[in-house]
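Source file: entry29.cif (mmCIF, C-alpha atoms)
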```cif
data_protein
loop_
_atom_site.label_atom_id
_atom_site.label_comp_id
_atom_site.auth_asym_id
_atom_site.auth_seq_id
_atom_site.Cartn_x
_atom_site.Cartn_y
_atom_site.Cartn_z
CA MET Z 654 37.71 138.24 69.16
CA LYS Z 655 38.01 141.81 67.86
CA ASP Z 656 34.82 142.72 69.70
CA PHE Z 657 36.25 141.25 72.90
CA TYR Z 658 39.50 143.23 72.54
CA ARG Z 659 37.52 146.42 71.94
CA LEU Z 660 35.48 145.74 75.05
CA LEU Z 661 38.62 144.97 77.07
CA ASN Z 662 40.17 148.21 75.82
CA TYR Z 663 37.03 150.09 76.88
CA GLU Z 664 37.15 148.58 80.38
CA ILE Z 665 40.84 149.42 80.81
CA ARG Z 666 40.34 153.00 79.61
CA ASN Z 667 37.44 153.35 82.05
CA ILE Z 668 39.75 152.95 85.07
CA PHE Z 669 43.11 153.89 83.51
CA LYS Z 670 43.35 157.38 85.02
CA PHE Z 671 42.57 156.13 88.53
CA VAL Z 672 45.04 153.25 88.29
CA LEU Z 673 47.73 155.53 86.87
CA VAL Z 674 47.38 158.01 89.74
CA ILE Z 675 47.52 155.21 92.33
CA CYS Z 676 50.61 153.69 90.67
CA ILE Z 677 52.41 157.04 90.56
CA LEU Z 678 51.60 157.66 94.23
CA ALA Z 679 52.72 154.12 95.09
CA ILE Z 680 56.11 154.85 93.50
CA ILE Z 681 56.74 158.36 94.79
CA SER Z 682 55.20 158.52 98.29
CA PRO Z 683 57.33 155.74 99.89
CA ILE Z 684 60.48 157.72 98.97
CA VAL Z 685 59.09 160.69 100.88
CA PHE Z 686 58.31 158.55 103.93
CA LEU Z 687 61.71 156.84 103.79
CA ASN Z 688 63.41 160.24 103.63
CA ILE Z 689 61.52 161.37 106.73
CA SER Z 690 62.38 158.13 108.54
CA ILE Z 691 66.14 158.38 107.95
CA LYS Z 692 66.39 162.14 108.18
CA ASP Z 693 68.09 162.04 111.58
CA GLY Z 694 70.45 159.28 110.41
CA VAL Z 695 69.56 156.88 113.26
CA ASN Z 696 67.64 154.35 111.16
CA LEU Z 697 70.43 154.12 108.61
CA TYR Z 698 72.11 151.49 110.79
CA GLN Z 699 69.04 149.22 110.62
CA PRO Z 700 68.29 146.60 107.93
CA PHE Z 701 66.37 147.96 104.97
CA GLU Z 702 63.23 145.93 105.72
CA PHE Z 703 63.11 147.49 109.21
CA ILE Z 704 63.53 151.00 107.77
CA TYR Z 705 60.85 150.26 105.16
CA ALA Z 706 58.31 148.97 107.69
CA SER Z 707 58.99 151.60 110.37
CA SER Z 708 58.68 154.44 107.85
CA GLY Z 709 55.03 153.56 107.22
CA CYS Z 710 55.49 152.19 103.70
CA VAL Z 711 53.61 148.99 104.56
CA ILE Z 712 50.63 151.05 105.68
CA LEU Z 713 50.87 153.00 102.43
CA PHE Z 714 50.66 149.75 100.48
CA VAL Z 715 47.50 148.74 102.35
CA ILE Z 716 45.96 152.16 101.64
CA TYR Z 717 46.77 151.97 97.94
CA LEU Z 718 45.50 148.39 97.80
CA ALA Z 719 42.20 149.60 99.29
CA LEU Z 720 42.09 152.40 96.70
CA MET Z 721 42.61 149.84 93.93
CA CYS Z 722 39.70 147.80 95.27
CA LEU Z 723 37.53 150.94 95.40
CA THR Z 724 38.50 151.69 91.81
CA PHE Z 725 37.36 148.23 90.75
CA ILE Z 726 34.09 148.66 92.65
CA TYR Z 727 33.60 152.02 90.94
CA SER Z 728 34.17 150.35 87.56
CA ILE Z 729 31.42 147.82 88.34
CA TYR Z 730 28.83 150.23 89.73
CA SER Z 731 29.46 152.92 87.11
CA ASN Z 732 27.56 150.66 84.69
CA TYR Z 733 24.44 151.14 86.80
CA PHE Z 734 24.43 154.93 87.08
CA GLY Z 735 24.12 157.73 84.58
CA SER Z 736 23.55 156.15 81.17
CA LYS Z 737 23.18 152.70 82.81
CA SER Z 738 25.54 151.08 80.33
CA ILE Z 739 24.89 147.62 81.83
CA TYR Z 740 21.85 147.34 79.53
CA THR Z 741 23.96 148.23 76.50
CA LEU Z 742 26.63 145.73 77.46
CA LEU Z 743 24.07 142.94 77.77
CA THR Z 744 22.66 143.67 74.30
CA LEU Z 745 26.01 143.72 72.49
CA PRO Z 746 26.42 141.05 69.76
CA ILE Z 747 28.96 139.19 71.87
CA ARG Z 748 28.73 136.28 74.28
CA ARG Z 749 27.83 137.54 77.73
CA GLU Z 750 30.60 135.62 79.46
CA LEU Z 751 33.05 137.70 77.40
CA VAL Z 752 31.43 140.86 78.77
CA TYR Z 753 32.13 139.55 82.27
CA LEU Z 754 35.66 138.38 81.43
CA SER Z 755 36.62 141.69 79.80
CA LYS Z 756 36.06 143.56 83.07
CA LEU Z 757 37.68 140.86 85.19
CA ILE Z 758 40.78 140.74 82.96
CA SER Z 759 41.00 144.54 83.09
CA PHE Z 760 41.13 144.18 86.89
CA PHE Z 761 43.98 141.69 86.68
CA ILE Z 762 45.94 143.86 84.24
CA SER Z 763 45.46 146.92 86.46
CA PHE Z 764 46.46 144.95 89.54
CA ALA Z 765 49.60 143.67 87.80
CA ALA Z 766 50.48 147.30 87.00
CA PHE Z 767 49.95 148.20 90.66
CA LEU Z 768 52.26 145.39 91.85
CA SER Z 769 54.87 146.47 89.28
CA ALA Z 770 54.68 150.01 90.64
CA GLN Z 771 55.13 148.61 94.15
CA LEU Z 772 58.24 146.71 93.07
CA ILE Z 773 59.66 149.84 91.43
CA SER Z 774 58.93 151.69 94.66
CA ILE Z 775 60.87 149.14 96.71
CA LEU Z 776 63.83 149.19 94.31
CA LEU Z 777 63.94 152.99 94.30
CA GLY Z 778 63.53 153.05 98.08
CA TYR Z 779 66.46 150.68 98.56
CA TRP Z 780 68.58 152.70 96.13
CA PHE Z 781 67.70 155.88 98.03
CA VAL Z 782 68.59 154.39 101.43
CA ALA Z 783 71.73 152.70 100.05
CA SER Z 784 72.95 155.98 98.59
CA ARG Z 785 72.59 157.62 102.00
CA ILE Z 786 74.48 154.79 103.68
CA ALA Z 787 77.19 154.87 100.99
CA ALA Z 788 77.84 158.50 101.93
CA LEU Z 789 78.80 157.41 105.47
CA GLU Z 790 82.48 156.54 105.87
CA GLU Z 791 82.78 155.41 102.23
CA GLY Z 792 79.96 152.89 102.45
CA LYS Z 793 81.33 151.08 105.49
CA TYR Z 794 77.81 150.16 106.67
CA LEU Z 795 76.43 149.16 103.24
CA MET Z 796 75.65 145.44 103.15
CA THR Z 797 76.30 143.37 100.05
CA ASN Z 798 73.10 141.86 98.57
CA GLY Z 799 71.13 143.88 101.11
CA LEU Z 800 68.00 144.06 98.95
CA PHE Z 801 67.85 140.31 98.40
CA LEU Z 802 68.36 139.67 102.12
CA SER Z 803 65.55 142.13 102.88
CA PHE Z 804 63.18 140.09 100.72
CA VAL Z 805 64.31 136.94 102.52
CA ARG Z 806 63.86 138.38 106.02
CA SER Z 807 60.73 140.51 105.51
CA ASP Z 808 57.37 138.75 105.87
CA PHE Z 809 55.64 141.60 104.06
CA LEU Z 810 57.96 141.62 101.05
CA ARG Z 811 57.78 137.83 100.76
CA ILE Z 812 53.99 137.97 100.63
CA ILE Z 813 53.93 140.47 97.76
CA PHE Z 814 56.97 139.12 95.90
CA PRO Z 815 57.49 135.49 97.00
CA LEU Z 816 60.83 133.75 96.54
CA GLY Z 817 59.70 130.11 96.39
CA LEU Z 818 57.16 128.10 94.40
CA GLU Z 819 54.91 127.35 97.37
CA SER Z 820 54.83 131.00 98.43
CA ALA Z 821 54.26 132.10 94.82
CA VAL Z 822 51.24 129.80 94.47
CA SER Z 823 49.95 131.11 97.80
CA THR Z 824 50.31 134.75 96.76
CA ILE Z 825 48.67 134.17 93.38
CA SER Z 826 45.75 132.39 95.04
CA LEU Z 827 45.29 135.29 97.48
CA PHE Z 828 45.24 137.97 94.79
CA THR Z 829 43.09 135.89 92.42
CA THR Z 830 40.50 135.22 95.11
CA LEU Z 831 40.51 138.90 96.12
CA LEU Z 832 39.73 140.13 92.59
CA CYS Z 833 37.25 137.40 91.66
CA GLY Z 834 35.52 137.66 95.06
CA LEU Z 835 35.28 141.44 94.86
CA TYR Z 836 33.58 141.30 91.46
CA TYR Z 837 31.37 138.39 92.49
CA GLY Z 838 30.22 140.20 95.64
CA ALA Z 839 29.16 143.24 93.62
CA LEU Z 840 27.27 141.05 91.15
CA CYS Z 841 25.51 139.20 93.98
CA GLU Z 842 24.39 142.52 95.44
CA ARG Z 843 23.18 143.79 92.06
CA SER Z 844 21.33 140.56 91.26
CA ARG Z 845 20.00 140.19 94.83
CA ARG Z 846 21.70 136.80 95.23
CA TYR Z 847 22.66 137.66 98.81
CA TRP Z 848 23.39 134.04 99.69
CA GLY Z 849 26.52 134.47 97.57
CA PHE Z 850 28.10 136.38 100.44
CA PHE Z 851 28.38 133.13 102.42
CA PRO Z 852 31.03 131.58 100.11
CA ILE Z 853 32.75 134.98 100.02
CA GLY Z 854 32.89 134.86 103.83
CA GLY Z 855 34.41 131.36 103.64
CA ALA Z 856 37.05 132.58 101.19
CA VAL Z 857 37.86 135.56 103.43
CA PHE Z 858 38.31 133.20 106.40
CA ILE Z 859 40.79 131.05 104.44
CA MET Z 860 42.62 134.16 103.19
CA ILE Z 861 43.00 135.53 106.72
CA SER Z 862 44.22 132.15 107.97
CA LEU Z 863 46.76 131.90 105.16
CA LEU Z 864 47.97 135.47 105.63
CA ASN Z 865 48.32 134.91 109.36
CA TYR Z 866 50.50 131.86 108.73
CA ARG Z 867 52.61 133.73 106.16
CA ILE Z 868 53.12 136.74 108.43
CA ASN Z 869 54.04 134.61 111.45
CA GLN Z 870 55.85 131.90 109.50
CA ARG Z 871 58.96 132.14 111.64
CA MET Z 872 56.90 131.08 114.66
CA TYR Z 873 55.84 127.91 112.83
CA VAL Z 874 59.34 126.62 112.08
CA THR Z 875 58.75 123.54 114.24
CA ASP Z 876 55.11 123.25 113.10
CA TYR Z 877 55.42 123.50 109.31
CA ARG Z 878 52.20 123.55 107.32
CA SER Z 879 51.91 123.16 103.58
CA MET Z 880 50.28 126.17 101.96
CA TYR Z 881 49.28 124.23 98.84
CA LEU Z 882 46.04 122.94 100.38
CA GLN Z 883 44.78 126.38 101.41
CA SER Z 884 45.88 127.79 98.05
CA LEU Z 885 43.94 125.04 96.27
CA VAL Z 886 40.83 125.84 98.32
CA LEU Z 887 41.16 129.52 97.37
CA PHE Z 888 41.53 128.63 93.69
CA LEU Z 889 38.36 126.51 93.96
CA PHE Z 890 36.55 129.48 95.49
CA SER Z 891 37.79 131.64 92.59
CA VAL Z 892 36.54 129.10 90.05
CA PHE Z 893 33.14 129.10 91.77
CA PHE Z 894 33.03 132.90 91.79
CA VAL Z 895 33.79 133.05 88.06
CA TRP Z 896 31.36 130.23 87.19
CA HIS Z 897 28.44 131.68 89.12
CA SER Z 898 29.17 135.23 87.92
CA ILE Z 899 28.97 134.04 84.30
CA LYS Z 900 25.74 132.23 85.12
CA ILE Z 901 24.30 135.44 86.57
CA PHE Z 902 25.34 137.35 83.43
CA LYS Z 903 23.77 134.80 81.10
CA LYS Z 904 20.46 135.12 82.97
CA SER Z 905 20.63 138.93 82.77
CA ALA Z 906 20.14 138.89 86.55
CA VAL Z 907 22.64 141.73 86.95
CA ALA Z 908 20.19 144.04 85.16
CA GLU Z 909 17.11 143.18 87.22
#
```
Spell out the structure here as structure tokens.
Amino acid sequence: MKDFYRLLNYEIRNIFKFVLVICILAIISPIVFLNISIKDGVNLYQPFEFIYASSGCVILFVIYLALMCLTFIYSIYSNYFGSKSIYTLLTLPIRRELVYLSKLISFFISFAAFLSAQLISILLGYWFVASRIAALEEGKYLMTNGLFLSFVRSDFLRIIFPLGLESAVSTISLFTTLLCGLYYGALCERSRRYWGFFPIGGAVFIMISLLNYRINQRMYVTDYRSMYLQSLVLFLFSVFFVWHSIKIFKKSAVAE
């Protein structure tokens, strides 16, 4: 296991600087946008989730999420350029599935750090807005438990940080499928298994359908749908992505 931990440490260090910069930007930049949004004092009388969305912070999250995905893609393709370390990785005295898992786990750890930075950003953003409101007529317009209510009312915040078990399973399935599918897609391209993009397309379709339901959940109050089934399907896609990726690694197809 020591060899696996060394390999995992190598993979994390390979993308650490990029992830750190993205996390710092994810924490600091929303404060700047919130400050611009409430500068004239008009938005201060709106709920926090409205101020957060209208300031452009949701768009910032999407941009940083895309940058995280690009960082992961860079981590994969960097093994094929320069020294072409993919050949060294495949000749290490360690099981090849552990080579695959070390990079995948490094993605999950980095993504967890990114979500933590996003949560810190939201907490700091609420504190910043609340402090501005508290300065108005001795906090007359400051709502008790405003942050919790924002998470309850905001579709975006509930997707990233769900409040219930069903939503939590749904969110985990979305992020798991995203990371596993991203890595699997790159491996299919490198190994010329282009048919692998068909299951990726199926997973994307389910993800979009699930996200659409989560975003417009208030419209489906009278037409409730369980999210467990779609989450299960996404988990099955993730299992397939991992299984076939390991199979590709064992055949050395990624180095063809």
Fill in the blank from the handout: From the list Z:Ile675, Z:Ile726, Z:Val752, Z:Ala766, the nearest residue to Arg843 (chain Z) using only C-alpha atoms is Z:Ile726
Handout entry: Atomic distance CA of Asp656 (chain Z) - CA of Gly838 (chain Z), expressed in Å with one decimal
Key =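 Separation between CA of Asp656 (chain Z) and CA of Gly838 (chain Z): 26.5 Å.
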Practice task
Compare Z:Ile668, Z:Ile680, Z:Val674, Z:Leu777 by their minimum atom-to-atom distance to Ile729 (chain Z), counting only C-alpha atoms, and give me the closest one.
Solution key: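 Of Z:Ile668, Z:Ile680, Z:Val674, Z:Leu777, the one nearest Ile729 (chain Z), counting only C-alpha atoms, is Z:Ile668.
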Handout entry: Residues near Asn869 (chain Z), cut-off 12 Å, all atoms listed in the file, skip fewer than 6 positions along chain, as a ChimeraX atom specification
Key = /Z:806-809,811-812,862-863,876-878
Exercise for the section: Go through Z:Leu751, Z:Ile773, Z:Ile691, Z:Ile758 and flag the residue nearest Ile899 (chain Z), using only C-alpha atoms for the distances. Expected result: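 When distances to Ile899 (chain Z) are compared using only C-alpha atoms, the smallest one comes from Z:Leu751.
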Practice task
Can you give me, as JSON, numbers by chain, the residues this file yields under the PyMOL selection byres ((chain Z and resi 854) around 12)?
Solution key: {"Z": [830, 831, 834, 835, 837, 838, 847, 848, 849, 850, 851, 852, 853, 855, 856, 857, 858, 859, 860, 861, 887, 890]}
For this file, the PyMOL selection byres ((chain Z and resi 895) around 10) selects which residues, as a compact mmCIF listing (two decimals) with C-alpha atoms, in the coordinates of the input?
```txt
# COMPACT_ATOMS: atom_id res chain seq x y z
CA GLU Z 750 30.60 135.62 79.46
CA TYR Z 753 32.13 139.55 82.27
CA LEU Z 754 35.66 138.38 81.43
CA LEU Z 757 37.68 140.86 85.19
CA THR Z 830 40.50 135.22 95.11
CA CYS Z 833 37.25 137.40 91.66
CA GLY Z 834 35.52 137.66 95.06
CA TYR Z 836 33.58 141.30 91.46
CA TYR Z 837 31.37 138.39 92.49
CA LEU Z 889 38.36 126.51 93.96
CA PHE Z 890 36.55 129.48 95.49
CA SER Z 891 37.79 131.64 92.59
CA VAL Z 892 36.54 129.10 90.05
CA PHE Z 893 33.14 129.10 91.77
CA PHE Z 894 33.03 132.90 91.79
CA TRP Z 896 31.36 130.23 87.19
CA HIS Z 897 28.44 131.68 89.12
CA SER Z 898 29.17 135.23 87.92
CA ILE Z 899 28.97 134.04 84.30
CA LYS Z 900 25.74 132.23 85.12
CA ILE Z 901 24.30 135.44 86.57
```
Practice task
Given the file shown, determine the residues that the PyMOL selection byres ((chain Z and resi 721) around 9) selects; report them as a VMD selection string.
Solution key: chain Z and resid 671 to 672 675 716 to 720 722 to 726 763 to 764 767
Using C-alpha atoms, can you export the residues from the last selection as a JSON list (two decimals), keeping the file's coordinate frame?
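Saved the output as part04.json:
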```json
[["chain", "number", "residue", "atom", "x", "y", "z"],
["Z", 671, "PHE", "CA", 42.57, 156.13, 88.53],
["Z", 672, "VAL", "CA", 45.04, 153.25, 88.29],
["Z", 675, "ILE", "CA", 47.52, 155.21, 92.33],
["Z", 716, "ILE", "CA", 45.96, 152.16, 101.64],
["Z", 717, "TYR", "CA", 46.77, 151.97, 97.94],
["Z", 718, "LEU", "CA", 45.50, 148.39, 97.80],
["Z", 719, "ALA", "CA", 42.20, 149.60, 99.29],
["Z", 720, "LEU", "CA", 42.09, 152.40, 96.70],
["Z", 722, "CYS", "CA", 39.70, 147.80, 95.27],
["Z", 723, "LEU", "CA", 37.53, 150.94, 95.40],
["Z", 724, "THR", "CA", 38.50, 151.69, 91.81],
["Z", 725, "PHE", "CA", 37.36, 148.23, 90.75],
["Z", 726, "ILE", "CA", 34.09, 148.66, 92.65],
["Z", 763, "SER", "CA", 45.46, 146.92, 86.46],
["Z", 764, "PHE", "CA", 46.46, 144.95, 89.54],
["Z", 767, "PHE", "CA", 49.95, 148.20, 90.66]]
```
Problem - Residue with smallest distance to Arg785 (chain Z) - pool Z:Lys692, Z:Arg845, Z:Lys903, Z:Arg666, counting only C-alpha atoms - result: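 For Arg785 (chain Z), the nearest of the given residues is Z:Lys692.
Checking Z:Ser820, Z:Asn865, Z:Ser682, Z:Thr829 one by one against Ala770 (chain Z), counting only C-alpha atoms, you find the shortest gap at Z:Ser682.
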Practice task
Considering all atoms listed in the file, state which residue in the set Z:Ala765, Z:Leu885, Z:Leu840, Z:Leu687 is at the smallest distance from Ala706 (chain Z).
Solution key: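 Closest to Ala706 (chain Z), using all atoms listed in the file: Z:Leu687.
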Handout entry: Å distance separating CA of Ile762 (chain Z) from CA of Lys670 (chain Z), one decimal place
Key =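 Computing it gives 13.8 Å between the two atoms.
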Exercise for the section: Take CA of Ser803 (chain Z) and CA of Glu702 (chain Z) and report the distance between them in Å, one decimal. Expected result: 5.3 Å
Practice task
Skip Ser774 (chain Z) itself and residues of its chain fewer than 4 positions away, then list as a PyMOL selection string all residues within 8 Å of it, counting all atoms listed in the file.
Solution key: chain Z and resi 679-681+683-684+770+778
Practice task
Could you give me, as a list in words, the residues that sit within 9 Å of (67.8, 153.1, 101.9) in the file's coordinates, counting all atoms listed in the file?
Solution key: Leu687, Asn688, Ile691, Leu697, Pro700, Phe701, Ile704, Tyr705, Leu777, Gly778, Tyr779, Trp780, Phe781, Val782, Ala783, Ser784, Arg785 and Ile786 of chain Z
Could you complete region 722-733 of chain Z so that it carries all heavy atoms, and give it back as a PDB file, in the frame of the given file?
```
ATOM      1  N   CYS Z 722      40.957 148.528  95.119  1.00  0.00           N
ATOM      2  CA  CYS Z 722      39.700 147.800  95.270  1.00  0.00           C
ATOM      3  C   CYS Z 722      38.507 148.740  95.059  1.00  0.00           C
ATOM      4  O   CYS Z 722      37.519 148.367  94.409  1.00  0.00           O
ATOM      5  CB  CYS Z 722      39.617 147.140  96.639  1.00  0.00           C
ATOM      6  SG  CYS Z 722      40.793 145.780  96.872  1.00  0.00           S
ATOM      7  N   LEU Z 723      38.600 149.952  95.590  1.00  0.00           N
ATOM      8  CA  LEU Z 723      37.530 150.940  95.400  1.00  0.00           C
ATOM      9  C   LEU Z 723      37.399 151.323  93.932  1.00  0.00           C
ATOM     10  O   LEU Z 723      36.280 151.558  93.437  1.00  0.00           O
ATOM     11  CB  LEU Z 723      37.799 152.180  96.250  1.00  0.00           C
ATOM     12  CG  LEU Z 723      37.628 152.022  97.761  1.00  0.00           C
ATOM     13  CD1 LEU Z 723      38.047 153.298  98.485  1.00  0.00           C
ATOM     14  CD2 LEU Z 723      36.176 151.676  98.112  1.00  0.00           C
ATOM     15  N   THR Z 724      38.526 151.387  93.241  1.00  0.00           N
ATOM     16  CA  THR Z 724      38.500 151.690  91.810  1.00  0.00           C
ATOM     17  C   THR Z 724      37.777 150.597  91.040  1.00  0.00           C
ATOM     18  O   THR Z 724      36.983 150.875  90.132  1.00  0.00           O
ATOM     19  CB  THR Z 724      39.945 151.826  91.270  1.00  0.00           C
ATOM     20  OG1 THR Z 724      40.600 152.907  91.930  1.00  0.00           O
ATOM     21  CG2 THR Z 724      39.942 152.097  89.767  1.00  0.00           C
ATOM     22  N   PHE Z 725      38.036 149.345  91.402  1.00  0.00           N
ATOM     23  CA  PHE Z 725      37.360 148.230  90.750  1.00  0.00           C
ATOM     24  C   PHE Z 725      35.860 148.253  91.036  1.00  0.00           C
ATOM     25  O   PHE Z 725      35.037 147.990  90.151  1.00  0.00           O
ATOM     26  CB  PHE Z 725      37.964 146.898  91.204  1.00  0.00           C
ATOM     27  CG  PHE Z 725      39.417 146.738  90.848  1.00  0.00           C
ATOM     28  CD1 PHE Z 725      40.257 145.938  91.615  1.00  0.00           C
ATOM     29  CD2 PHE Z 725      39.958 147.382  89.753  1.00  0.00           C
ATOM     30  CE1 PHE Z 725      41.595 145.788  91.293  1.00  0.00           C
ATOM     31  CE2 PHE Z 725      41.299 147.243  89.414  1.00  0.00           C
ATOM     32  CZ  PHE Z 725      42.120 146.439  90.189  1.00  0.00           C
ATOM     33  N   ILE Z 726      35.517 148.567  92.282  1.00  0.00           N
ATOM     34  CA  ILE Z 726      34.090 148.660  92.650  1.00  0.00           C
ATOM     35  C   ILE Z 726      33.420 149.797  91.864  1.00  0.00           C
ATOM     36  O   ILE Z 726      32.295 149.653  91.372  1.00  0.00           O
ATOM     37  CB  ILE Z 726      33.941 148.878  94.157  1.00  0.00           C
ATOM     38  CG1 ILE Z 726      34.404 147.617  94.922  1.00  0.00           C
ATOM     39  CG2 ILE Z 726      32.493 149.208  94.523  1.00  0.00           C
ATOM     40  CD1 ILE Z 726      34.421 147.780  96.418  1.00  0.00           C
ATOM     41  N   TYR Z 727      34.123 150.911  91.739  1.00  0.00           N
ATOM     42  CA  TYR Z 727      33.600 152.020  90.940  1.00  0.00           C
ATOM     43  C   TYR Z 727      33.346 151.586  89.499  1.00  0.00           C
ATOM     44  O   TYR Z 727      32.315 151.933  88.895  1.00  0.00           O
ATOM     45  CB  TYR Z 727      34.577 153.198  90.966  1.00  0.00           C
ATOM     46  CG  TYR Z 727      34.375 154.166  89.825  1.00  0.00           C
ATOM     47  CD1 TYR Z 727      33.343 155.108  89.853  1.00  0.00           C
ATOM     48  CD2 TYR Z 727      35.207 154.118  88.697  1.00  0.00           C
ATOM     49  CE1 TYR Z 727      33.146 155.979  88.797  1.00  0.00           C
ATOM     50  CE2 TYR Z 727      35.015 154.984  87.631  1.00  0.00           C
ATOM     51  CZ  TYR Z 727      33.988 155.911  87.686  1.00  0.00           C
ATOM     52  OH  TYR Z 727      33.791 156.763  86.633  1.00  0.00           O
ATOM     53  N   SER Z 728      34.302 150.828  88.941  1.00  0.00           N
ATOM     54  CA  SER Z 728      34.170 150.350  87.560  1.00  0.00           C
ATOM     55  C   SER Z 728      32.918 149.503  87.389  1.00  0.00           C
ATOM     56  O   SER Z 728      32.232 149.575  86.353  1.00  0.00           O
ATOM     57  CB  SER Z 728      35.405 149.548  87.164  1.00  0.00           C
ATOM     58  OG  SER Z 728      35.256 148.964  85.885  1.00  0.00           O
ATOM     59  N   ILE Z 729      32.603 148.694  88.400  1.00  0.00           N
ATOM     60  CA  ILE Z 729      31.420 147.820  88.340  1.00  0.00           C
ATOM     61  C   ILE Z 729      30.140 148.644  88.447  1.00  0.00           C
ATOM     62  O   ILE Z 729      29.223 148.528  87.620  1.00  0.00           O
ATOM     63  CB  ILE Z 729      31.472 146.765  89.448  1.00  0.00           C
ATOM     64  CG1 ILE Z 729      32.705 145.863  89.279  1.00  0.00           C
ATOM     65  CG2 ILE Z 729      30.195 145.924  89.451  1.00  0.00           C
ATOM     66  CD1 ILE Z 729      32.991 144.986  90.478  1.00  0.00           C
ATOM     67  N   TYR Z 730      30.075 149.503  89.461  1.00  0.00           N
ATOM     68  CA  TYR Z 730      28.830 150.230  89.730  1.00  0.00           C
ATOM     69  C   TYR Z 730      28.607 151.403  88.781  1.00  0.00           C
ATOM     70  O   TYR Z 730      27.482 151.908  88.686  1.00  0.00           O
ATOM     71  CB  TYR Z 730      28.820 150.711  91.183  1.00  0.00           C
ATOM     72  CG  TYR Z 730      28.439 149.624  92.151  1.00  0.00           C
ATOM     73  CD1 TYR Z 730      29.401 148.793  92.709  1.00  0.00           C
ATOM     74  CD2 TYR Z 730      27.106 149.394  92.489  1.00  0.00           C
ATOM     75  CE1 TYR Z 730      29.068 147.769  93.587  1.00  0.00           C
ATOM     76  CE2 TYR Z 730      26.746 148.383  93.356  1.00  0.00           C
ATOM     77  CZ  TYR Z 730      27.728 147.569  93.906  1.00  0.00           C
ATOM     78  OH  TYR Z 730      27.382 146.553  94.762  1.00  0.00           O
ATOM     79  N   SER Z 731      29.652 151.834  88.079  1.00  0.00           N
ATOM     80  CA  SER Z 731      29.460 152.920  87.110  1.00  0.00           C
ATOM     81  C   SER Z 731      28.562 152.488  85.963  1.00  0.00           C
ATOM     82  O   SER Z 731      27.969 153.340  85.285  1.00  0.00           O
ATOM     83  CB  SER Z 731      30.819 153.377  86.560  1.00  0.00           C
ATOM     84  OG  SER Z 731      31.459 152.325  85.846  1.00  0.00           O
ATOM     85  N   ASN Z 732      28.458 151.169  85.742  1.00  0.00           N
ATOM     86  CA  ASN Z 732      27.560 150.660  84.690  1.00  0.00           C
ATOM     87  C   ASN Z 732      26.092 150.787  85.068  1.00  0.00           C
ATOM     88  O   ASN Z 732      25.219 150.594  84.218  1.00  0.00           O
ATOM     89  CB  ASN Z 732      27.864 149.184  84.397  1.00  0.00           C
ATOM     90  CG  ASN Z 732      29.256 148.961  83.852  1.00  0.00           C
ATOM     91  OD1 ASN Z 732      29.942 148.010  84.210  1.00  0.00           O
ATOM     92  ND2 ASN Z 732      29.700 149.845  82.966  1.00  0.00           N
ATOM     93  N   TYR Z 733      25.812 151.094  86.329  1.00  0.00           N
ATOM     94  CA  TYR Z 733      24.440 151.140  86.800  1.00  0.00           C
ATOM     95  C   TYR Z 733      23.939 152.569  87.050  1.00  0.00           C
ATOM     96  O   TYR Z 733      22.787 152.762  87.432  1.00  0.00           O
ATOM     97  CB  TYR Z 733      24.298 150.344  88.105  1.00  0.00           C
ATOM     98  CG  TYR Z 733      24.513 148.863  87.904  1.00  0.00           C
ATOM     99  CD1 TYR Z 733      25.789 148.309  88.003  1.00  0.00           C
ATOM    100  CD2 TYR Z 733      23.454 148.022  87.599  1.00  0.00           C
ATOM    101  CE1 TYR Z 733      25.995 146.952  87.802  1.00  0.00           C
ATOM    102  CE2 TYR Z 733      23.647 146.660  87.404  1.00  0.00           C
ATOM    103  CZ  TYR Z 733      24.929 146.137  87.507  1.00  0.00           C
ATOM    104  OH  TYR Z 733      25.127 144.794  87.305  1.00  0.00           O
TER     105      TYR Z 733
END
```
